[in-house]
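Novice: Here you go, one structure.
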Amino acid sequence: MSAHQLGVEIACDGPTGGDDCPDSAAVRARFTSRTVRQVRADGRRDGWTTRRAQGRLLDICPRCRTHTTTETTR
Ligand SMILES: [Zn+2]
């Protein structure tokens with residue numbers, strides 16, 4: 001067991017939530033951030049957003065967010 005416990009990792013769910021993120025991006029959490037909420041707050045500083053889809057929360061990295069400027073509504 002290491003003394004440095006890894007916190008949660010929040011990875012990008014891709015532009016639509018169904019696609020993989022082209023960058024496989026993950027939030028660079030600050031050292032003090034241990035909970036999902038804290039890490040999401042870190043991500044928001046870097047431009048990450050969350051999106052609710054089908055009852056779950058998708059995490060979108062800044063790059064994927066800019067790829068979805070045209071909303072696809074079906
Ligand atoms: Zn992404």
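Scheme for the structure tokens: letters A, B, ... for chains in order shown; per-chain residue numbers from 1; ligand numbers from 1 in order shown.
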Can you pull out the residues contacting range 27-35 of chain A? Cut-off 6 Å, using only C-alpha atoms, and skip same-chain residues under 4 positions away; I want them as a PyMOL selection string.

Specialist: chain A and resi 7+10+39+42-43

Novice: Could you list the protein, DNA and RNA residues that have any atom within 10 Å of ligand 1, counting only C-alpha atoms and all ligand atoms, and write them as a list in words?

Specialist: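 Using only C-alpha atoms and all ligand atoms, everything at most 10 Å from ligand 1 comes to Ala11, Cys12, Asp13, Gly14, Pro15, Thr16, Gly17, Asp19, Asp20, Cys21, Pro22, Asp23, Ser24, Ala25, Ala26, Val27, Trp48, Asp59, Ile60, Cys61, Pro62, Arg63, Cys64, Arg65, Thr66 and His67 of chain A.
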
Novice: Rounded to one decimal in Å, what is the spacing between CA of Gln54 in chain A and CA of Gly18 in chain A?

Specialist: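 Interatomic distance here is 11.3 Å.
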
Novice: Return as a list in words the full set of residues in chain A whose backbone-based DSSP assignment is strand (DSSP E or B).

Specialist: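 Written out, the strand (DSSP E or B) residues of chain A are Ala11, Ala26, Thr49, Thr50, Arg51, Arg52, Ala53, Arg56, Leu57, Leu58, Asp59 and Ile60 of chain A.
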
Novice: Among range 9-69 of chain A, which ones does DSSP assign to alpha helix (DSSP H) (computed from the backbone)? Answer as a ChimeraX atom specification.

Specialist: /A:36-45,62-67
